[in-house]
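Notes to accompany the following structure.
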Amino acid sequence: MTDSILYARDGALARLTFNRPASLNAMGFEMGQRWRDLAHEITGDDSIGAILIDAVGPAFCAGGDVVEMSTSGAAGAEVTAMARVIHDGIRTLVSSDKPIVAAVQGAVAGGGLGLMLTADYIVASPRAKFVSRYANIGLSPDLGVSTLLPAAVGQTRALRLLLQDETIDAATALDWGLVAEVADDPGARANEVAAFWLQNATAAFGTAKRLIRAGADRSFAENLDDEAASIGARFDTPESAVRVAAFAAASTKNARKENA
């Protein structure tokens with residue numbers, strides 16, 4: 001099922017497209033393996049500067065494929081193994097130094113929330129909807145939802161989504177901080193975001209993303225040490241040398257004008 005997630009390159013941009021519209025892009029066993037494999041392939045490729053995640057059909061992602069789990073005769077151990085495969089892909093993308101943007105055109109449910117939140121910048125359609133539905137079928141959160149969701153919206157709102165049968169719309173998701181923007185054409189806007197990264201200091205955006213993502217799991221002192229090492233490493237790159245010199249020259253010119 002190599003077409004369950006389409007993979008395309010546009011220069012330094014890698015695009016992952018969920019492609020199971022008939023199943024609302026729910027992630028089954030084979031799709032989960034492809035997700036993990038692509039995550040490792042993309043993050044290990046130095047020629048890729050940014051990642052865009054989108055989906056085909058009326059939904060972004062309905063989470064794990066519960067229908068497949070039920071009809072395949074899978075036991076709990078197999079479901080755990082599948083979750084760990086998908087989690088490997090999520091962990092690989094979240095911890096990478098490549099900025100990720102997601103275009104969300106429709107419904108996001110259950111583990112789809114975690115897959116969506118793998119992205120660092122989320123653009124949603126005004127028609128997008130967000131819901132948990134784990135408890136409705138007697139299951140608990142997976143695919144990073146128990147960590148990524150409260151990190152995005154706070155513990156109280158995360159618990160509200162997980163403990164109530166509540167669907168929130170795009171405007172509420174924006175207000176809560178679940179998404180970064182709402183746009184009539186989320187795909188086009190996500191492309192603009194990725195293009196902005198790639199046309200500017202892509203590596204610096206990636207380092208900023210990595211520092212923010214890693215910060216929640218480390219002490220303040222460890223974060224400060226990483227910040228100090230990272231800014232020094234960035235300062236020594238040819239790209240930063242050119243940009244810093246230009247900034248300094250412009251600042252000096254402006255200062256002379258103000259003092260004239």
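Identifiers in the structure tokens: chain A, B, ... in order shown; residue index from 1 per chain; ligand index from 1 in order shown.
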message: So that I can check the secondary structure, give me every residue of region 116-179 of chain A assigned strand (DSSP E or B) by backbone DSSP, as number ranges by chain.
response: A: 121-124, 129-131, 167-169
Neighbour list for region 146-155 of chain A as a list in words, cut-off 8 Å, only C-alpha atoms, skip fewer than 3 positions in-chain: Leu113, Gly114, Leu117, Thr118, Pro141, Asp142, Ala158, Leu159, Trp176, Gly177 and Leu178 of chain A
Written selection (N, CA and C atoms) as a short mmCIF file (atom, residue, chain, number, x, y, z; two decimals), in the first residue's frame:
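The result, stored in selection.cif:
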```
data_model
loop_
_atom_site.label_atom_id
_atom_site.label_comp_id
_atom_site.auth_asym_id
_atom_site.auth_seq_id
_atom_site.Cartn_x
_atom_site.Cartn_y
_atom_site.Cartn_z
N LEU A 113 -5.45 13.93 15.53
CA LEU A 113 -5.00 15.13 16.22
C LEU A 113 -3.49 15.06 16.46
N GLY A 114 -3.01 13.89 16.89
CA GLY A 114 -1.57 13.74 17.12
C GLY A 114 -0.77 13.83 15.85
N LEU A 117 -0.60 17.40 14.85
CA LEU A 117 0.27 18.17 15.73
C LEU A 117 1.74 17.78 15.61
N THR A 118 2.03 16.81 14.76
CA THR A 118 3.42 16.57 14.38
C THR A 118 3.97 17.79 13.66
N PRO A 141 -6.10 7.62 24.46
CA PRO A 141 -5.34 8.36 23.45
C PRO A 141 -4.05 7.66 23.02
N ASP A 142 -3.70 7.85 21.75
CA ASP A 142 -2.43 7.38 21.21
C ASP A 142 -1.93 8.38 20.19
N ALA A 158 -7.41 20.29 26.73
CA ALA A 158 -7.14 18.94 26.23
C ALA A 158 -8.06 17.93 26.92
N LEU A 159 -8.22 18.06 28.23
CA LEU A 159 -9.11 17.17 28.97
C LEU A 159 -10.56 17.37 28.55
N TRP A 176 -8.04 28.53 20.57
CA TRP A 176 -7.38 27.67 21.56
C TRP A 176 -5.88 27.52 21.30
N GLY A 177 -5.43 27.82 20.10
CA GLY A 177 -4.03 27.59 19.77
C GLY A 177 -3.78 26.21 19.18
N LEU A 178 -4.84 25.50 18.80
CA LEU A 178 -4.67 24.19 18.19
C LEU A 178 -4.14 24.32 16.77
#
```
message: Neighbouring residues of Gly206 (chain A) were defined as those with any atom within 7 Å, considering only C-alpha atoms; residues of the same chain fewer than 4 positions away were excluded. Please report them as a ChimeraX atom specification.
response: /A:97-99,202,210
Please, could you write that set of residues out with C-alpha atoms as a compact mmCIF listing (two decimals), in the first residue's frame?
```txt
# COMPACT_ATOMS: atom_id res chain seq x y z
CA ASP A 97 15.40 20.12 12.69
CA LYS A 98 13.12 20.42 9.65
CA PRO A 99 10.12 22.76 10.04
CA THR A 202 15.62 27.56 6.59
CA ARG A 210 13.99 21.84 17.49
```
task: Have a look at A:Val131, A:Ala109, A:Val56, A:Ile42 and name the one nearest to Gly89 (chain A); count only C-alpha atoms.
output: A:Ile42
- request: Enter the distance from CA of Asn25 (chain A) to CA of Phe60 (chain A), in Å, rounded to one decimal.
  value: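 These atoms are spaced 6.5 Å apart.
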message: Give me, as JSON, numbers by chain, the residues of region 163-202 of chain A that a backbone DSSP run labels alpha helix (DSSP H).
response: {"A": [163, 170, 171, 172, 173, 174, 175, 176, 186, 187, 188, 189, 190, 191, 192, 193, 194, 195, 196, 197, 198, 199, 202]}
query: Given the choices A:Ile90, A:Ala228, A:Ile137, A:Val108, which gets closest to Cys61 (chain A) if the distance is worked out from only C-alpha atoms?
result: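 For Cys61 (chain A), the nearest of the candidates is A:Val108.
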- request: Tell me which protein, DNA and RNA residues are within 6 Å of region 127-129 of chain A, counting only C-alpha atoms, leaving out same-chain ones fewer than 3 positions away, and put them as a ChimeraX atom specification.
  value: /A:105-107,168-170
Can you write out the residues you just picked, keeping N, CA and C atoms, as a short mmCIF file (atom, residue, chain, number, x, y, z; two decimals), in the first residue's frame?
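Result file is part.cif:
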```
data_model
loop_
_atom_site.label_atom_id
_atom_site.label_comp_id
_atom_site.auth_asym_id
_atom_site.auth_seq_id
_atom_site.Cartn_x
_atom_site.Cartn_y
_atom_site.Cartn_z
N GLN A 105 -7.81 20.28 5.66
CA GLN A 105 -8.96 20.69 4.88
C GLN A 105 -10.29 20.17 5.40
N GLY A 106 -10.27 19.25 6.36
CA GLY A 106 -11.53 18.68 6.82
C GLY A 106 -11.43 18.16 8.23
N ALA A 107 -12.18 17.11 8.52
CA ALA A 107 -12.27 16.59 9.88
C ALA A 107 -10.96 15.98 10.35
N ILE A 168 -15.01 20.75 18.02
CA ILE A 168 -14.76 22.18 17.92
C ILE A 168 -14.51 22.55 16.46
N ASP A 169 -14.90 23.77 16.10
CA ASP A 169 -14.73 24.22 14.73
C ASP A 169 -13.39 24.92 14.57
N ALA A 170 -13.12 25.38 13.35
CA ALA A 170 -11.83 25.98 13.05
C ALA A 170 -11.60 27.26 13.84
#
```
query: Residues at most 10 Å from Ala8 (chain A), counting only C-alpha atoms, excluding those fewer than 6 positions away in the same chain, as a PyMOL selection string?
result: chain A and resi 14-17+52
Keeping only C-alpha atoms, write the selected residues as a PDB file, in the first residue's frame.
```
ATOM      1  CA  ALA A  14       9.064  17.259   0.904  1.00  0.00           C
ATOM      2  CA  ARG A  15       5.321  16.696   0.674  1.00  0.00           C
ATOM      3  CA  LEU A  16       3.495  13.883   2.480  1.00  0.00           C
ATOM      4  CA  THR A  17      -0.125  13.393   1.402  1.00  0.00           C
ATOM      5  CA  LEU A  52       4.394  19.818   4.140  1.00  0.00           C
TER       6      LEU A  52
END
```
- prompt: Which of these, A:Glu68, A:Asp165, A:Asp3, A:Asp54, has the shortest distance to Ile122 (chain A) once you count only C-alpha atoms?
  reply: A:Asp54
